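What follows is the content of query-v2.cif, which has mmCIF, C-alpha atoms (C1' of nucleotides):
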data_structure
#
loop_
_atom_site.label_atom_id
_atom_site.label_comp_id
_atom_site.auth_asym_id
_atom_site.auth_seq_id
_atom_site.Cartn_x
_atom_site.Cartn_y
_atom_site.Cartn_z
CA MET D 27 -12.62 6.13 19.00
CA MET D 28 -11.14 4.52 15.92
CA LYS D 29 -9.35 1.17 15.89
CA SER D 30 -5.90 0.67 14.41
CA ALA D 31 -7.16 -1.58 11.61
CA GLN D 32 -9.70 1.01 10.51
CA VAL D 33 -7.04 3.69 10.44
CA VAL D 34 -4.74 1.45 8.39
CA THR D 35 -7.59 0.89 5.93
CA ALA D 36 -8.21 4.63 5.67
CA LEU D 37 -4.53 5.46 5.26
CA SER D 38 -4.10 2.70 2.64
CA ALA D 39 -7.04 4.12 0.75
CA LEU D 40 -5.39 7.55 0.61
CA ALA D 41 -1.91 6.21 -0.08
CA GLN D 42 -2.30 6.09 -3.85
CA PRO D 43 -1.94 9.07 -6.19
CA THR D 44 -5.29 8.76 -7.95
CA ARG D 45 -7.24 8.15 -4.76
CA LEU D 46 -5.50 10.99 -2.95
CA ALA D 47 -6.43 13.27 -5.85
CA ILE D 48 -10.04 12.05 -5.75
CA PHE D 49 -10.28 12.62 -2.03
CA ARG D 50 -8.74 16.09 -2.16
CA LEU D 51 -11.08 17.04 -4.95
CA LEU D 52 -14.03 15.92 -2.84
CA VAL D 53 -12.72 17.67 0.27
CA VAL D 54 -12.65 20.94 -1.67
CA ARG D 55 -16.09 20.23 -3.13
CA GLY D 56 -17.74 19.86 0.25
CA ILE D 57 -21.05 18.18 1.03
CA ASP D 58 -22.56 18.36 -2.47
CA GLY D 59 -19.81 16.14 -3.84
CA MET D 60 -19.22 15.35 -7.49
CA ALA D 61 -20.48 12.80 -10.02
CA ALA D 62 -18.27 9.85 -10.93
CA GLY D 63 -17.94 10.95 -14.55
CA GLN D 64 -16.98 14.49 -13.59
CA ILE D 65 -14.26 13.19 -11.29
CA ALA D 66 -12.98 10.85 -14.00
CA ASP D 67 -12.86 13.70 -16.55
CA LYS D 68 -11.18 16.11 -14.21
CA LEU D 69 -8.50 13.63 -13.15
CA LYS D 70 -8.13 12.01 -16.58
CA VAL D 71 -8.82 8.52 -15.31
CA SER D 72 -10.80 5.82 -17.12
CA PRO D 73 -14.32 5.16 -15.78
CA ALA D 74 -13.38 1.61 -14.80
CA ASN D 75 -10.33 2.77 -12.93
CA LEU D 76 -12.28 5.51 -11.21
CA SER D 77 -14.88 2.99 -10.05
CA PHE D 78 -12.14 0.78 -8.70
CA HIS D 79 -10.65 3.64 -6.68
CA VAL D 80 -13.86 5.16 -5.33
CA LYS D 81 -14.84 1.67 -4.19
CA THR D 82 -11.67 1.51 -2.13
CA LEU D 83 -12.32 4.95 -0.63
CA THR D 84 -15.93 4.00 0.10
CA HIS D 85 -14.95 0.76 1.83
CA ALA D 86 -12.55 2.78 3.95
CA GLY D 87 -15.47 5.02 4.96
CA LEU D 88 -13.73 8.13 3.63
CA ILE D 89 -16.37 8.99 1.05
CA SER D 90 -20.08 8.37 0.65
CA GLN D 91 -22.21 7.94 -2.43
CA ARG D 92 -25.68 8.98 -3.41
CA GLN D 93 -27.53 8.26 -6.63
CA ASP D 94 -29.21 11.05 -8.57
CA GLY D 95 -30.81 9.84 -11.79
CA ARG D 96 -28.11 7.96 -13.61
CA PHE D 97 -25.37 9.93 -11.92
CA VAL D 98 -23.63 8.73 -8.80
CA TYR D 99 -22.37 11.52 -6.59
CA TYR D 100 -19.46 11.00 -4.25
CA ALA D 101 -18.69 13.23 -1.27
CA ALA D 102 -15.97 13.33 1.37
CA ASN D 103 -16.84 12.01 4.82
CA PHE D 104 -15.35 14.68 7.06
CA THR D 105 -16.14 12.86 10.27
CA ALA D 106 -14.10 9.84 9.17
CA MET D 107 -11.26 12.05 7.98
CA ASN D 108 -11.11 13.91 11.27
CA ALA D 109 -11.21 10.69 13.28
CA MET D 110 -8.26 9.39 11.27
CA LEU D 111 -6.27 12.59 11.75
CA ALA D 112 -7.04 12.59 15.47
CA TYR D 113 -5.78 9.03 15.82
CA LEU D 114 -2.35 10.02 14.53
CA THR D 115 -1.83 12.86 17.00
CA GLU D 116 -3.45 11.17 20.00
CA ASN D 117 -1.50 11.35 23.26
CA CYS D 118 1.25 13.25 21.52
CA CYS D 119 4.37 13.70 23.68
CA ALA D 120 2.50 12.01 26.51
CA GLY D 121 0.52 15.24 26.89
CA THR D 122 3.45 17.44 27.84
CA ALA D 123 5.32 20.42 26.52
CA CYS D 124 4.97 20.11 22.80
CA GLU D 125 2.43 22.85 22.14
CA LEU D 126 5.51 25.03 22.15
CA GLU D 127 6.73 23.83 18.79
CA ASN D 128 3.90 22.27 16.90
CA LYS D 129 0.49 23.22 15.69
CA GLN D 130 -1.67 20.17 16.24
CA CYS D 131 0.55 18.26 18.57
CA MET N 25 3.86 23.26 0.84
CA MET N 26 3.96 19.51 0.34
CA LYS N 27 3.69 17.80 -3.04
CA SER N 28 1.21 15.04 -3.76
CA ALA N 29 3.93 12.41 -4.24
CA GLN N 30 5.46 13.21 -0.84
CA VAL N 31 2.08 12.90 0.82
CA VAL N 32 1.44 9.56 -0.89
CA THR N 33 4.82 8.36 0.38
CA ALA N 34 3.98 9.48 3.92
CA LEU N 35 0.50 7.93 3.84
CA SER N 36 1.90 4.66 2.41
CA ALA N 37 4.42 4.57 5.20
CA LEU N 38 1.68 4.83 7.81
CA ALA N 39 -0.71 2.49 6.02
CA GLN N 40 0.64 -0.69 7.57
CA PRO N 41 -0.19 -2.01 11.05
CA THR N 42 3.36 -2.34 12.36
CA ARG N 43 4.48 1.03 11.04
CA LEU N 44 1.37 2.78 12.33
CA ALA N 45 2.08 1.28 15.76
CA ILE N 46 5.72 2.40 15.60
CA PHE N 47 4.74 5.91 14.62
CA ARG N 48 2.07 6.24 17.30
CA LEU N 49 4.51 4.99 19.91
CA LEU N 50 7.01 7.64 18.82
CA VAL N 51 4.36 10.37 18.72
CA VAL N 52 3.56 9.62 22.35
CA ARG N 53 7.25 9.47 23.24
CA GLY N 54 7.98 12.95 21.95
CA ILE N 55 11.34 14.41 21.01
CA ASP N 56 13.52 11.99 23.00
CA GLY N 57 12.32 9.08 20.92
CA MET N 58 13.04 5.42 21.56
CA ALA N 59 15.81 2.94 20.72
CA ALA N 60 15.20 0.41 17.92
CA GLY N 61 15.42 -2.55 20.28
CA GLN N 62 12.96 -1.05 22.75
CA ILE N 63 10.48 -0.47 19.97
CA ALA N 64 10.94 -4.02 18.71
CA ASP N 65 10.40 -5.46 22.20
CA LYS N 66 7.36 -3.34 22.91
CA LEU N 67 5.68 -4.18 19.61
CA LYS N 68 6.86 -7.81 19.49
CA VAL N 69 8.49 -7.46 16.10
CA SER N 70 11.78 -9.07 15.00
CA PRO N 71 14.80 -6.73 14.80
CA ALA N 72 15.08 -7.27 11.05
CA ASN N 73 11.45 -6.50 10.50
CA LEU N 74 11.66 -3.42 12.70
CA SER N 75 14.61 -2.14 10.69
CA PHE N 76 12.67 -2.68 7.50
CA HIS N 77 9.73 -0.65 8.77
CA VAL N 78 11.64 2.22 10.38
CA LYS N 79 13.56 2.56 7.12
CA THR N 80 10.27 3.08 5.31
CA LEU N 81 9.14 5.66 7.87
CA THR N 82 12.51 7.42 7.68
CA HIS N 83 12.44 7.58 3.87
CA ALA N 84 8.98 9.11 4.14
CA GLY N 85 10.42 11.78 6.44
CA LEU N 86 8.05 10.87 9.26
CA ILE N 87 10.73 9.90 11.75
CA SER N 88 14.36 10.78 12.33
CA GLN N 89 17.22 8.78 13.79
CA ARG N 90 20.17 9.56 15.99
CA GLN N 91 22.91 7.24 17.14
CA ASP N 92 23.85 7.00 20.82
CA GLY N 93 26.56 4.44 21.47
CA ARG N 94 25.36 1.24 19.94
CA PHE N 95 21.73 2.26 20.22
CA VAL N 96 19.84 3.99 17.45
CA TYR N 97 17.06 6.27 18.67
CA TYR N 98 14.08 7.05 16.50
CA ALA N 99 11.77 10.02 17.02
CA ALA N 100 8.62 11.29 15.31
CA ASN N 101 9.00 14.24 12.96
CA PHE N 102 6.07 16.42 13.96
CA THR N 103 6.64 18.99 11.26
CA ALA N 104 6.27 16.35 8.55
CA MET N 105 3.23 14.86 10.23
CA ASN N 106 1.52 18.23 10.47
CA ALA N 107 2.32 19.05 6.85
CA MET N 108 0.73 15.79 5.77
CA LEU N 109 -2.39 16.39 7.85
CA ALA N 110 -2.67 19.93 6.50
CA TYR N 111 -2.50 18.68 2.93
CA LEU N 112 -5.58 16.54 3.43
CA THR N 113 -7.78 19.33 4.75
CA GLU N 114 -6.45 22.07 2.47
CA ASN N 115 -9.08 24.22 0.78
CA CYS N 116 -11.80 22.20 2.44
CA CYS N 117 -15.30 22.98 1.14
CA ALA N 118 -13.74 25.68 -1.04
CA GLY N 119 -13.32 27.73 2.11
CA THR N 120 -17.02 28.12 2.89
CA ALA N 121 -19.45 27.17 5.57
CA CYS N 122 -18.12 23.95 6.92
CA GLU N 123 -16.76 25.15 10.23
CA LEU N 124 -20.34 24.64 11.33
CA GLU N 125 -20.14 20.88 11.31
CA ASN N 126 -16.52 19.86 11.49
CA LYS N 127 -13.56 20.39 13.73
CA GLN N 128 -10.61 20.83 11.40
CA CYS N 129 -12.38 21.43 8.18
"C1'" DT W 16 -39.24 -1.61 -26.39
"C1'" DA W 17 -34.90 -0.21 -28.22
"C1'" DA W 18 -31.14 2.73 -27.87
"C1'" DT W 19 -28.24 5.69 -25.15
"C1'" DT W 20 -25.71 7.31 -21.27
"C1'" DG W 21 -23.37 6.81 -16.84
"C1'" DT W 22 -21.34 3.62 -14.02
"C1'" DT W 23 -19.69 -0.82 -12.23
"C1'" DT W 24 -17.87 -5.53 -12.52
"C1'" DT W 25 -14.93 -9.21 -14.06
"C1'" DA W 26 -10.79 -11.32 -15.44
"C1'" DA W 27 -6.03 -11.18 -16.56
"C1'" DT W 28 -1.59 -9.38 -16.16
"C1'" DA W 29 1.93 -6.44 -14.18
"C1'" DA W 30 3.93 -4.35 -10.28
"C1'" DT W 31 4.68 -3.65 -5.49
"C1'" DT W 32 5.02 -4.91 -0.64
"C1'" DC W 33 5.70 -7.96 3.53
"C1'" DT W 34 8.02 -11.50 6.18
"C1'" DT W 35 11.64 -14.61 7.24
"C1'" DT W 36 16.30 -16.29 7.56
"C1'" DA W 37 21.08 -15.73 7.38
"C1'" DA W 38 24.80 -12.88 6.96
"C1'" DT W 39 26.97 -8.43 7.90
"C1'" DC W 40 28.18 -4.00 10.06
"C1'" DG W 41 29.35 -0.89 13.90
"C1'" DT W 42 30.13 0.17 18.70
"C1'" DA W 43 31.50 -1.13 23.22
"C1'" DT W 44 33.60 -4.06 26.60
"C1'" DA W 45 36.44 -8.10 28.50
"C1'" DT R 13 42.31 -8.38 19.79
"C1'" DA R 14 38.46 -11.16 20.55
"C1'" DT R 15 33.78 -11.27 21.98
"C1'" DA R 16 29.27 -9.62 22.68
"C1'" DC R 17 25.54 -6.70 21.67
"C1'" DG R 18 22.47 -3.72 18.96
"C1'" DA R 19 21.07 -2.91 14.63
"C1'" DT R 20 20.91 -3.26 9.47
"C1'" DT R 21 21.12 -5.56 4.94
"C1'" DA R 22 20.27 -8.98 1.36
"C1'" DA R 23 17.80 -12.53 -0.84
"C1'" DA R 24 13.78 -15.35 -1.53
"C1'" DG R 25 9.10 -16.44 -1.66
"C1'" DA R 26 4.22 -15.27 -0.50
"C1'" DA R 27 0.70 -11.99 -0.66
"C1'" DT R 28 -1.48 -7.84 -2.04
"C1'" DT R 29 -2.59 -4.07 -5.22
"C1'" DA R 30 -3.05 -1.41 -9.75
"C1'" DT R 31 -4.26 -1.15 -14.57
"C1'" DT R 32 -6.51 -2.45 -18.75
"C1'" DA R 33 -10.07 -4.15 -21.82
"C1'" DA R 34 -14.38 -6.22 -22.36
"C1'" DA R 35 -18.74 -7.26 -20.65
"C1'" DA R 36 -22.64 -6.16 -17.80
"C1'" DC R 37 -25.85 -3.33 -15.28
"C1'" DA R 38 -29.07 0.55 -14.32
"C1'" DA R 39 -31.55 4.71 -15.37
"C1'" DT R 40 -33.20 7.72 -18.93
"C1'" DT R 41 -34.92 9.05 -23.37
"C1'" DA R 42 -36.50 8.24 -28.32
#
Written as structure tokens, that's how I'd like the structure from this file.
Amino acid sequence: MMKSAQVVTALSALAQPTRLAIFRLLVVRGIDGMAAGQIADKLKVSPANLSFHVKTLTHAGLISQRQDGRFVYYAANFTAMNAMLAYLTENCCAGTACELENKQC
Amino acid sequence: MMKSAQVVTALSALAQPTRLAIFRLLVVRGIDGMAAGQIADKLKVSPANLSFHVKTLTHAGLISQRQDGRFVYYAANFTAMNAMLAYLTENCCAGTACELENKQC
DNA sequence: TAATTGTTTTAATAATTCTTTAATCGTATA
DNA sequence: TATACGATTAAAGAATTATTAAAACAATTA
């Protein structure tokens, strides 16, 4: 079970256009992930700025990194993402009668 | 389909301890919602500060308001919440082979 | 070892966000 | 109409966050 402060950290990490784009890119990529330079090229962000943003996502636990030669690969952490999503819908409608109208809630 | 900027607005709205608490409270409450003063009491937040935060959540489309006498009731907008959650998991792992390990992705 | 490539860090500035207090607005009741 | 109650707004200062450029670091190759 996730704590409120962790969830705020994760949401803050995603609440920025560049970081949201990075995360979505990595979600689509799956477990192999993508090298820092590739991400920077694809999103047209400077290397320094990319480093700044992936650091924020990493601290939030939403992505992981692995080194391969002089490349650093980043990948989405699906467990953390799912825990965050679950926190938002938890105990929805006090457990009653809302499956009728909503998908996850 | 939600646009990136809308999702950033929604995530920013939730990425703050007081607002996350307000939203979770309203998610549990369901469609009836809760009056501003009740929320403020429950979360031990000043009326002015509560107004500030519900305004942010309202602008993000995550909650709605309805007036009843001199009370203003706020309720979670489940459609917006689900759209935001869907955006994050969209096209996960390019559509391949990750149902094996994850719940939503 | 020197040079190159990929990435990160630092420092500075610019921009945004949060909290508090006081004043204001709207609805209901005496 | 005057008063009370619930809620919102406005203004100010404090705190946090984003962007840029330059320097530094780490791994590879000449």
Exactly which residues make up the result of the PyMOL selection byres ((chain R) within 9 of (chain D)) on this file, given as a short mmCIF file (atom, residue, chain, number, x, y, z; two decimals) with C-alpha atoms (C1' of nucleotides), keeping the file's coordinate frame?
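In the end it all went to selection.cif:
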data_model
loop_
_atom_site.label_atom_id
_atom_site.label_comp_id
_atom_site.auth_asym_id
_atom_site.auth_seq_id
_atom_site.Cartn_x
_atom_site.Cartn_y
_atom_site.Cartn_z
"C1'" DA R 30 -3.05 -1.41 -9.75
"C1'" DT R 31 -4.26 -1.15 -14.57
"C1'" DT R 32 -6.51 -2.45 -18.75
"C1'" DA R 38 -29.07 0.55 -14.32
"C1'" DA R 39 -31.55 4.71 -15.37
"C1'" DT R 40 -33.20 7.72 -18.93
#
Written as a PyMOL selection string, what is the full residue list that the PyMOL selection byres ((chain W) within 10 of (chain D)) yields on the file shown?
chain W and resi 20-24
I need the chain N residues near chain D as a PyMOL selection string; criterion: at most 8 Å, counting only C-alpha atoms.
chain N and resi 28-29+31-36+38-41+44+48+51-55+102-103+106+109+112-119+122+126-129
Distance table requested - chain R against stretch 25-42 of chain W, cut-off 10 Å, only C-alpha atoms (C1' of nucleotides): one row per qualifying residue with the closest atom pair and its distance in Å to one decimal, ordered by chain and rising residue number, as CSV.
residue,atom,partner,partner_atom,distance
R:DC17,C1',W:DT42,C1',8.8
R:DG18,C1',W:DT42,C1',8.6
R:DA19,C1',W:DC40,C1',8.5
R:DT20,C1',W:DC40,C1',7.3
R:DT21,C1',W:DT39,C1',7.2
R:DA22,C1',W:DA38,C1',8.2
R:DA23,C1',W:DT36,C1',9.3
R:DA24,C1',W:DT35,C1',9.1
R:DG25,C1',W:DT34,C1',9.3
R:DA26,C1',W:DC33,C1',8.5
R:DA27,C1',W:DC33,C1',7.7
R:DT28,C1',W:DT32,C1',7.3
R:DT29,C1',W:DT31,C1',7.3
R:DA30,C1',W:DA30,C1',7.6
R:DT31,C1',W:DA29,C1',8.2
R:DT32,C1',W:DT28,C1',8.9
R:DA33,C1',W:DA26,C1',9.6
R:DA34,C1',W:DT25,C1',8.8
R:DA35,C1',W:DT25,C1',7.9
R:DA36,C1',W:DT25,C1',9.1
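Atom CA of D:Leu88 lies 5.8 Å from atom CA of D:Ala106.
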Suppose you want the space between atom CA of D:Ser90 and atom CA of D:Lys68; what is it in Å?
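That distance, rounded to one decimal, is 19.0 Å.
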I want to know what sits within 10 Å of R:DA16, based on all atoms listed in the file, with residues of the same chain fewer than 3 positions away left out; could you give that as an mmCIF file with C-alpha atoms (C1' of nucleotides), keeping the file's coordinate frame?
data_model
loop_
_atom_site.group_PDB
_atom_site.id
_atom_site.type_symbol
_atom_site.label_atom_id
_atom_site.label_comp_id
_atom_site.auth_asym_id
_atom_site.auth_seq_id
_atom_site.Cartn_x
_atom_site.Cartn_y
_atom_site.Cartn_z
ATOM 1 C "C1'" DA W 43 31.500 -1.130 23.220
ATOM 2 C "C1'" DT W 44 33.600 -4.060 26.600
ATOM 3 C "C1'" DA W 45 36.440 -8.100 28.500
#
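Across the structure, atom CA of N:Val69 and atom CA of N:Asn101 are spaced 21.9 Å apart.
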Kindly output stretch 33-55 of chain N as a tab-separated table (two decimals), in the coordinates of the input, after building N, CA and C atoms.
chain	number	residue	atom	x	y	z
N	33	THR	N	3.74	9.10	-0.28
N	33	THR	CA	4.82	8.36	0.38
N	33	THR	C	4.59	8.30	1.89
N	34	ALA	N	4.23	9.43	2.47
N	34	ALA	CA	3.98	9.48	3.92
N	34	ALA	C	2.77	8.62	4.30
N	35	LEU	N	1.70	8.73	3.54
N	35	LEU	CA	0.50	7.93	3.84
N	35	LEU	C	0.79	6.44	3.67
N	36	SER	N	1.53	6.07	2.63
N	36	SER	CA	1.90	4.66	2.41
N	36	SER	C	2.71	4.13	3.59
N	37	ALA	N	3.59	4.98	4.07
N	37	ALA	CA	4.42	4.57	5.20
N	37	ALA	C	3.57	4.26	6.42
N	38	LEU	N	2.53	5.04	6.63
N	38	LEU	CA	1.68	4.83	7.81
N	38	LEU	C	0.61	3.77	7.59
N	39	ALA	N	0.40	3.38	6.34
N	39	ALA	CA	-0.71	2.49	6.02
N	39	ALA	C	-0.35	1.03	6.18
N	40	GLN	N	0.21	0.69	7.30
N	40	GLN	CA	0.64	-0.69	7.57
N	40	GLN	C	0.65	-0.84	9.09
N	41	PRO	N	0.03	-1.90	9.60
N	41	PRO	CA	-0.19	-2.01	11.05
N	41	PRO	C	1.06	-1.80	11.91
N	42	THR	N	2.14	-2.47	11.56
N	42	THR	CA	3.36	-2.34	12.36
N	42	THR	C	3.90	-0.92	12.33
N	43	ARG	N	3.93	-0.33	11.13
N	43	ARG	CA	4.48	1.03	11.04
N	43	ARG	C	3.59	2.05	11.72
N	44	LEU	N	2.27	1.86	11.64
N	44	LEU	CA	1.37	2.78	12.33
N	44	LEU	C	1.61	2.69	13.83
N	45	ALA	N	1.81	1.48	14.33
N	45	ALA	CA	2.08	1.28	15.76
N	45	ALA	C	3.40	1.94	16.15
N	46	ILE	N	4.42	1.78	15.32
N	46	ILE	CA	5.72	2.40	15.60
N	46	ILE	C	5.55	3.92	15.67
N	47	PHE	N	4.88	4.46	14.68
N	47	PHE	CA	4.74	5.91	14.62
N	47	PHE	C	3.97	6.44	15.81
N	48	ARG	N	2.87	5.80	16.16
N	48	ARG	CA	2.07	6.24	17.30
N	48	ARG	C	2.89	6.19	18.59
N	49	LEU	N	3.65	5.13	18.73
N	49	LEU	CA	4.51	4.99	19.91
N	49	LEU	C	5.47	6.18	19.98
N	50	LEU	N	6.04	6.54	18.86
N	50	LEU	CA	7.01	7.64	18.82
N	50	LEU	C	6.33	9.00	18.99
N	51	VAL	N	5.11	9.12	18.52
N	51	VAL	CA	4.36	10.37	18.72
N	51	VAL	C	4.14	10.58	20.22
N	52	VAL	N	3.78	9.50	20.90
N	52	VAL	CA	3.56	9.62	22.35
N	52	VAL	C	4.88	9.90	23.07
N	53	ARG	N	5.94	9.29	22.63
N	53	ARG	CA	7.25	9.47	23.24
N	53	ARG	C	7.78	10.89	23.18
N	54	GLY	N	7.47	11.59	22.09
N	54	GLY	CA	7.98	12.95	21.95
N	54	GLY	C	9.39	13.01	21.43
N	55	ILE	N	10.07	14.14	21.67
N	55	ILE	CA	11.34	14.41	21.01
N	55	ILE	C	12.48	13.48	21.41
